[in-house]
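Here is the structure we will look at, set down as structure tokens.
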Amino acid sequence: MSQERKGCLEAWVPRGLLTREVDVLSARGTAEGLCPLRICWQDGRLCSFELIDADVLSPKRLLLPRLAEPHAHLDKAFTWLEFPNLQGTYGGAMVANFKERQSRTLIGVRQRAERSLKLALRYGLRAMRSHVDSLGPATDSSWEALLDLQRQWQEWMELQWVALVPIEHWSTREGDQLAGRVAEVGGLLGGVVVPPFDPGKTRDSLRQMLQLADRLGCGIDLHIDESQSHPAAGLKQLLLVLDRMSITVPITCSHASSMGLLPPRAVRRLADRMAHHRLNVVSLPLTNGWLLSKQPRRTPVERPLAPIHQLQLAGVTVAVGGDNVQDPWFPAGNFDPLALMAFALPLAHLAPWQRLGLAPFTTAAARVMNLSWDGTLQPGSPANLLLLEAGSWAEALATPPRRQVIVDGNWLQDLDQ
């Protein structure tokens, strides 16, 4: 990185990311909600904001905070070639993923994860939460590789790890020991709740998992209702358990795909209950769109997808993540948050020029991950910025734009690939 500690730039900035400390009431913004600003920083912090006359000097760049990826799988990224799922089914992904785990090594996990982090940094991410397969012979080597990378990359990116196991595993002696190790490194407890399942046994497993996490002070991030059947079956069991418990740790429901298949009134009632229990949601439209509702020789016209807008209106914090990258669960992806935003435009009708359309990739993602900075821009905010060579949202989303990354006030130089 450069050692320069001062800097200024002129760019279009989304009005929805500016706080009240930045007076833009008199700004002549664009129809896409972009304001022309001159922003300066010193010693790693933003220090001044000045409106510029776009008629005189129209900026050709768009400025965002560095973004956050709330749901990834770094341990299995880039394994598609060796373990493809050519039918693109959920069951096929399970089989291929199991085979890959049997041959997983510390060196392989480290190489793939490091490749992922280099891409993520270059594309403009500042934080990532990754689920880690944590049952089987590769568990220790996977965690060793990822924790080592976490220490080496702490200057560049905040990394969070979620131990992914069947939820009933947390009720065992081995699960309790694993949870203790996860808590020691600041990780989260994870699991999978997908139908069909026994409701009573599932509630019991969820209850014991929640109690364990609360005792250890670990957050929870569940793969829940990644399904095209039994709408919101897992969420309903989780809420029944929470109705009878008092939990202080944050709970994230990743996927929540089948909830979108419920009738509108049922969605509203469920969303209100989720808001009451302060549940967060991470929607994952790419992998869900690829795997779910797949039938031979039939194009699905109804796709399971978390009802993002309805959840937002109920007060639930909703982020959008990229999920799998070139592994048995999804053959595409590359950790580019701008590409994810472009895909979400038609899949989820999330328009970034609307505050609630941009939030799942910026402020809401930061809240779900409990980051120290929410991504809004004001004097004193970290100078962690993503500068795009685009004069509008349309240009930025039409094709992945060239970009520059600023880390703590320093321009990032290209990493060796």
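So you can find residues: chains in the structure tokens are A, B, ... in the order shown, residues in each start at 1, and ligands are numbered from 1 in order.
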
Note to self: So that I can check the surroundings of A:Arg403, please list as a PyMOL selection string every protein, DNA and RNA residue that reaches within 8 Å of it, counting only C-alpha atoms and ignoring chain neighbours fewer than 6 positions away.
What the structure shows: chain A and resi 123+386-389

Write to file, as a PDB file, in the first residue's frame, the residues of the selection just made, with all heavy atoms.
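part_29.pdb written:
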ATOM      1  N   TYR A 123     -11.950  -6.512  -5.598  1.00  0.00           N
ATOM      2  CA  TYR A 123     -13.283  -6.098  -6.031  1.00  0.00           C
ATOM      3  C   TYR A 123     -13.954  -5.130  -5.060  1.00  0.00           C
ATOM      4  O   TYR A 123     -15.003  -4.581  -5.386  1.00  0.00           O
ATOM      5  CB  TYR A 123     -14.173  -7.319  -6.232  1.00  0.00           C
ATOM      6  CG  TYR A 123     -13.872  -8.089  -7.488  1.00  0.00           C
ATOM      7  CD1 TYR A 123     -13.804  -9.474  -7.473  1.00  0.00           C
ATOM      8  CD2 TYR A 123     -13.656  -7.443  -8.704  1.00  0.00           C
ATOM      9  CE1 TYR A 123     -13.548 -10.195  -8.634  1.00  0.00           C
ATOM     10  CE2 TYR A 123     -13.394  -8.154  -9.857  1.00  0.00           C
ATOM     11  CZ  TYR A 123     -13.327  -9.530  -9.822  1.00  0.00           C
ATOM     12  OH  TYR A 123     -13.072 -10.239 -10.965  1.00  0.00           O
ATOM     13  N   LEU A 386     -14.585   2.529  -2.173  1.00  0.00           N
ATOM     14  CA  LEU A 386     -14.566   1.825  -3.454  1.00  0.00           C
ATOM     15  C   LEU A 386     -14.946   2.828  -4.531  1.00  0.00           C
ATOM     16  O   LEU A 386     -16.063   3.353  -4.534  1.00  0.00           O
ATOM     17  CB  LEU A 386     -15.561   0.659  -3.415  1.00  0.00           C
ATOM     18  CG  LEU A 386     -15.776  -0.132  -4.704  1.00  0.00           C
ATOM     19  CD1 LEU A 386     -14.472  -0.744  -5.194  1.00  0.00           C
ATOM     20  CD2 LEU A 386     -16.831  -1.220  -4.485  1.00  0.00           C
ATOM     21  N   LEU A 387     -14.013   3.119  -5.414  1.00  0.00           N
ATOM     22  CA  LEU A 387     -14.199   4.134  -6.444  1.00  0.00           C
ATOM     23  C   LEU A 387     -14.374   3.454  -7.797  1.00  0.00           C
ATOM     24  O   LEU A 387     -13.470   2.760  -8.270  1.00  0.00           O
ATOM     25  CB  LEU A 387     -13.002   5.084  -6.469  1.00  0.00           C
ATOM     26  CG  LEU A 387     -13.124   6.322  -7.361  1.00  0.00           C
ATOM     27  CD1 LEU A 387     -14.261   7.226  -6.881  1.00  0.00           C
ATOM     28  CD2 LEU A 387     -11.799   7.093  -7.379  1.00  0.00           C
ATOM     29  N   LEU A 388     -15.539   3.671  -8.400  1.00  0.00           N
ATOM     30  CA  LEU A 388     -15.886   3.006  -9.650  1.00  0.00           C
ATOM     31  C   LEU A 388     -15.766   3.983 -10.823  1.00  0.00           C
ATOM     32  O   LEU A 388     -16.158   5.147 -10.704  1.00  0.00           O
ATOM     33  CB  LEU A 388     -17.322   2.474  -9.597  1.00  0.00           C
ATOM     34  CG  LEU A 388     -17.709   1.646  -8.376  1.00  0.00           C
ATOM     35  CD1 LEU A 388     -19.190   1.312  -8.417  1.00  0.00           C
ATOM     36  CD2 LEU A 388     -16.874   0.381  -8.296  1.00  0.00           C
ATOM     37  N   GLU A 389     -15.266   3.500 -11.926  1.00  0.00           N
ATOM     38  CA  GLU A 389     -15.222   4.309 -13.138  1.00  0.00           C
ATOM     39  C   GLU A 389     -16.576   4.194 -13.831  1.00  0.00           C
ATOM     40  O   GLU A 389     -16.755   3.486 -14.818  1.00  0.00           O
ATOM     41  CB  GLU A 389     -14.084   3.860 -14.047  1.00  0.00           C
ATOM     42  CG  GLU A 389     -12.714   4.218 -13.507  1.00  0.00           C
ATOM     43  CD  GLU A 389     -11.614   4.047 -14.543  1.00  0.00           C
ATOM     44  OE1 GLU A 389     -11.929   3.901 -15.742  1.00  0.00           O
ATOM     45  OE2 GLU A 389     -10.445   4.053 -14.139  1.00  0.00           O
TER      46      GLU A 389
END

Contact residues around A:Phe335 with only C-alpha atoms at 7 Å, ignoring same-chain residues under 3 positions, as a short mmCIF file (atom, residue, chain, number, x, y, z; two decimals) with N, CA and C atoms, in the first residue's frame:
data_model
loop_
_atom_site.label_atom_id
_atom_site.label_comp_id
_atom_site.auth_asym_id
_atom_site.auth_seq_id
_atom_site.Cartn_x
_atom_site.Cartn_y
_atom_site.Cartn_z
N LEU A 119 -9.29 -11.88 -4.66
CA LEU A 119 -10.35 -11.38 -5.53
C LEU A 119 -11.27 -10.43 -4.77
N ALA A 120 -11.69 -10.85 -3.58
CA ALA A 120 -12.61 -10.04 -2.78
C ALA A 120 -12.03 -8.67 -2.46
N GLY A 322 -23.49 -13.49 -1.71
CA GLY A 322 -23.15 -14.21 -2.93
C GLY A 322 -23.16 -15.71 -2.77
#

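Coordinates place atom CA of A:Arg61 at a distance of 16.6 Å from atom CA of A:Ala383.
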
Next item on the list: May I have the residues within 10 Å of A:Leu81 as an MDAnalysis selection string, using only C-alpha atoms and disregarding those fewer than 3 positions away in the same chain?
Entry: chainID A and resid 78 84:85 326:328 331

Checklist line | Filtered DSSP result for stretch 166-251 of chain A, state strand (DSSP E), as a ChimeraX atom specification | finding: /A:188-193,220-224,251

Dump of all heavy atoms for the selected residues, as a short mmCIF file (atom, residue, chain, number, x, y, z; two decimals), in the first residue's frame:
data_model
loop_
_atom_site.label_atom_id
_atom_site.label_comp_id
_atom_site.auth_asym_id
_atom_site.auth_seq_id
_atom_site.Cartn_x
_atom_site.Cartn_y
_atom_site.Cartn_z
N LEU A 188 -19.03 -18.19 15.05
CA LEU A 188 -20.46 -18.36 15.24
C LEU A 188 -20.83 -19.83 15.07
O LEU A 188 -20.10 -20.60 14.44
CB LEU A 188 -21.26 -17.54 14.21
CG LEU A 188 -21.14 -16.02 14.25
CD1 LEU A 188 -19.95 -15.55 13.39
CD2 LEU A 188 -22.41 -15.36 13.74
N LEU A 189 -21.97 -20.21 15.63
CA LEU A 189 -22.50 -21.55 15.47
C LEU A 189 -23.48 -21.56 14.30
O LEU A 189 -24.32 -20.67 14.18
CB LEU A 189 -23.20 -22.03 16.74
CG LEU A 189 -22.40 -21.98 18.06
CD1 LEU A 189 -23.16 -22.72 19.16
CD2 LEU A 189 -21.01 -22.53 17.89
N GLY A 190 -23.38 -22.58 13.46
CA GLY A 190 -24.26 -22.70 12.30
C GLY A 190 -24.90 -24.05 12.22
O GLY A 190 -24.63 -24.95 13.03
N GLY A 191 -25.73 -24.23 11.24
CA GLY A 191 -26.41 -25.50 11.06
C GLY A 191 -27.37 -25.42 9.89
O GLY A 191 -27.51 -24.37 9.25
N VAL A 192 -28.04 -26.53 9.62
CA VAL A 192 -28.95 -26.62 8.48
C VAL A 192 -30.32 -27.08 8.97
O VAL A 192 -30.43 -28.10 9.66
CB VAL A 192 -28.41 -27.61 7.42
CG1 VAL A 192 -29.37 -27.69 6.25
CG2 VAL A 192 -27.03 -27.17 6.95
N VAL A 193 -31.34 -26.31 8.63
CA VAL A 193 -32.73 -26.68 8.95
C VAL A 193 -33.51 -26.65 7.64
O VAL A 193 -33.97 -25.60 7.20
CB VAL A 193 -33.36 -25.72 9.97
CG1 VAL A 193 -34.76 -26.22 10.37
CG2 VAL A 193 -32.48 -25.58 11.20
N ILE A 220 -25.34 -16.85 16.04
CA ILE A 220 -25.85 -18.01 15.30
C ILE A 220 -26.17 -17.58 13.87
O ILE A 220 -26.72 -16.50 13.64
CB ILE A 220 -27.12 -18.57 15.97
CG1 ILE A 220 -26.76 -19.26 17.29
CG2 ILE A 220 -27.86 -19.55 15.06
CD1 ILE A 220 -27.96 -19.73 18.08
N ASP A 221 -25.81 -18.44 12.92
CA ASP A 221 -26.16 -18.20 11.52
C ASP A 221 -26.59 -19.53 10.91
O ASP A 221 -25.76 -20.42 10.69
CB ASP A 221 -24.98 -17.61 10.75
CG ASP A 221 -25.39 -17.03 9.40
OD1 ASP A 221 -26.37 -17.51 8.82
OD2 ASP A 221 -24.70 -16.10 8.92
N LEU A 222 -27.88 -19.68 10.67
CA LEU A 222 -28.46 -20.93 10.21
C LEU A 222 -28.72 -20.92 8.70
O LEU A 222 -29.17 -19.91 8.15
CB LEU A 222 -29.79 -21.19 10.91
CG LEU A 222 -29.75 -21.52 12.40
CD1 LEU A 222 -31.16 -21.42 12.98
CD2 LEU A 222 -29.20 -22.94 12.61
N HIS A 223 -28.46 -22.06 8.05
CA HIS A 223 -29.03 -22.31 6.72
C HIS A 223 -30.44 -22.83 6.98
O HIS A 223 -30.61 -23.96 7.46
CB HIS A 223 -28.22 -23.38 5.99
CG HIS A 223 -26.89 -22.94 5.47
ND1 HIS A 223 -25.86 -22.54 6.29
CD2 HIS A 223 -26.43 -22.81 4.19
CE1 HIS A 223 -24.82 -22.21 5.55
NE2 HIS A 223 -25.13 -22.36 4.28
N ILE A 224 -31.44 -22.03 6.65
CA ILE A 224 -32.79 -22.41 7.01
C ILE A 224 -33.74 -22.23 5.84
O ILE A 224 -33.70 -21.24 5.13
CB ILE A 224 -33.26 -21.59 8.25
CG1 ILE A 224 -34.52 -22.18 8.86
CG2 ILE A 224 -33.42 -20.13 7.93
CD1 ILE A 224 -34.81 -21.66 10.27
N ILE A 251 -29.08 -13.70 15.98
CA ILE A 251 -29.45 -14.88 15.19
C ILE A 251 -29.70 -14.45 13.75
O ILE A 251 -30.50 -13.54 13.50
CB ILE A 251 -30.70 -15.56 15.74
CG1 ILE A 251 -30.49 -15.98 17.20
CG2 ILE A 251 -31.08 -16.77 14.89
CD1 ILE A 251 -31.75 -16.49 17.88
#

Note to self: Let me make sure I understand: among A:Pro360, A:Pro337, A:Gly186, A:Pro195, which one has the smallest atom-to-atom distance to A:Pro400 if we use only C-alpha atoms?
What the structure shows: A:Pro337

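For the set A:Gly187, A:Pro307, A:Leu212, A:Arg151, the residue with the smallest atom-to-atom gap to A:His169 is A:Leu212, counting only C-alpha atoms.
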
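Closest approach to A:Ala394 from the set A:Pro65, A:Met341, A:Val165, A:Asp408 is made by A:Met341, with distances taken over only C-alpha atoms.
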
Next item on the list: Could you give me, as a PyMOL selection string, the residues within 10 Å of stretch 284-292 of chain A, counting only C-alpha atoms and dropping anything in the same chain fewer than 4 positions from it?
Entry: chain A and resi 70-72+87-93+226-229+254-258+300+302-306+319-325+329-333+340+343-344+347-348

Notebook entry, point to check: Tell me, which residues of stretch 1-101 of chain A carry DSSP alpha helix (DSSP H), written as a ChimeraX atom specification?
Noted result: /A:90-101

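Candidate residues A:Gly409, A:Gly380, A:Gly200, A:Pro401 were compared for distance to A:Val22, and the nearest is A:Gly380, using only C-alpha atoms.
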
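Using only C-alpha atoms, the residues found no farther than 12 Å from A:Asp55, other than those of its own chain fewer than 2 positions away, are Ala27, Arg28, Gly29, Thr30, Pro36, Leu51, Ile52, Asp53, Leu57, Ser58 and Pro59 of chain A.
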
Write to file, as a compact mmCIF listing (two decimals), in the first residue's frame, the residues of the selection just made, with all heavy atoms.
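What landed in result.txt:
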# COMPACT_ATOMS: atom_id res chain seq x y z
N ALA A 27 -28.11 20.10 -2.79
CA ALA A 27 -27.43 19.43 -3.90
C ALA A 27 -28.39 19.19 -5.05
O ALA A 27 -29.56 18.84 -4.86
CB ALA A 27 -26.86 18.10 -3.43
N ARG A 28 -27.88 19.38 -6.25
CA ARG A 28 -28.63 19.02 -7.46
C ARG A 28 -28.19 17.61 -7.86
O ARG A 28 -27.27 17.42 -8.64
CB ARG A 28 -28.35 20.01 -8.58
CG ARG A 28 -28.94 21.40 -8.35
CD ARG A 28 -28.66 22.30 -9.53
NE ARG A 28 -29.17 21.72 -10.78
CZ ARG A 28 -28.91 22.20 -11.98
NH1 ARG A 28 -28.11 23.26 -12.11
NH2 ARG A 28 -29.40 21.63 -13.06
N GLY A 29 -28.85 16.63 -7.26
CA GLY A 29 -28.48 15.26 -7.52
C GLY A 29 -29.10 14.73 -8.80
O GLY A 29 -29.86 15.42 -9.49
N THR A 30 -28.78 13.49 -9.11
CA THR A 30 -29.32 12.85 -10.30
C THR A 30 -30.62 12.13 -9.97
O THR A 30 -30.98 11.96 -8.80
CB THR A 30 -28.32 11.83 -10.87
OG1 THR A 30 -28.25 10.70 -9.98
CG2 THR A 30 -26.93 12.44 -11.02
N PRO A 36 -23.08 15.06 -6.25
CA PRO A 36 -21.69 15.33 -6.62
C PRO A 36 -20.92 15.94 -5.45
O PRO A 36 -21.26 17.02 -4.97
CB PRO A 36 -21.83 16.32 -7.78
CG PRO A 36 -23.11 17.05 -7.49
CD PRO A 36 -24.00 16.09 -6.74
N LEU A 51 -19.96 20.03 -1.52
CA LEU A 51 -20.74 19.91 -2.74
C LEU A 51 -20.01 20.57 -3.90
O LEU A 51 -19.40 21.63 -3.73
CB LEU A 51 -22.10 20.58 -2.57
CG LEU A 51 -23.17 19.81 -1.77
CD1 LEU A 51 -24.38 20.71 -1.53
CD2 LEU A 51 -23.58 18.55 -2.49
N ILE A 52 -20.05 19.95 -5.06
CA ILE A 52 -19.47 20.56 -6.25
C ILE A 52 -20.58 20.79 -7.27
O ILE A 52 -21.64 20.17 -7.20
CB ILE A 52 -18.35 19.70 -6.87
CG1 ILE A 52 -18.89 18.34 -7.31
CG2 ILE A 52 -17.20 19.51 -5.88
CD1 ILE A 52 -17.87 17.47 -8.02
N ASP A 53 -20.34 21.70 -8.17
CA ASP A 53 -21.30 22.04 -9.20
C ASP A 53 -21.16 21.05 -10.35
O ASP A 53 -20.21 21.13 -11.13
CB ASP A 53 -21.08 23.48 -9.68
CG ASP A 53 -22.21 23.94 -10.61
OD1 ASP A 53 -22.96 23.09 -11.11
OD2 ASP A 53 -22.33 25.16 -10.82
N LEU A 57 -18.33 20.81 -13.35
CA LEU A 57 -17.39 19.69 -13.31
C LEU A 57 -18.16 18.43 -12.94
O LEU A 57 -18.36 18.12 -11.77
CB LEU A 57 -16.28 19.95 -12.29
CG LEU A 57 -15.18 18.89 -12.19
CD1 LEU A 57 -14.43 18.77 -13.51
CD2 LEU A 57 -14.21 19.24 -11.07
N SER A 58 -18.63 17.73 -13.96
CA SER A 58 -19.42 16.53 -13.71
C SER A 58 -18.49 15.34 -13.47
O SER A 58 -17.72 14.96 -14.35
CB SER A 58 -20.32 16.23 -14.90
OG SER A 58 -21.09 15.07 -14.65
N PRO A 59 -18.50 14.76 -12.27
CA PRO A 59 -17.60 13.63 -12.01
C PRO A 59 -17.98 12.42 -12.85
O PRO A 59 -19.14 12.18 -13.15
CB PRO A 59 -17.81 13.35 -10.51
CG PRO A 59 -19.15 13.92 -10.20
CD PRO A 59 -19.34 15.09 -11.11

Check: Which polymer residues have any atom within 8 Å of an atom of A:Leu210, counting only C-alpha atoms, with same-chain residues fewer than 4 positions away left out, as a PyMOL selection string?
Finding: chain A and resi 206+214+220+247

Take the residues from that selection and write them out as a compact mmCIF listing (two decimals), in the first residue's frame, keeping C-alpha atoms.
# COMPACT_ATOMS: atom_id res chain seq x y z
CA LEU A 206 -32.67 -25.76 18.05
CA ASP A 214 -26.10 -18.02 24.53
CA ILE A 220 -25.85 -18.01 15.30
CA ILE A 247 -31.73 -15.27 23.90

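Comparing the minimum interatomic distances between A:Val182 and each of A:Thr202, A:Ser134, A:Thr79, A:Gln208, counting only C-alpha atoms, we find that A:Ser134 sits nearest.
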
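Nearest residue to A:Val281 among A:Asp225, A:Glu395, A:Glu174, A:Asp148 is A:Asp225, counting only C-alpha atoms.
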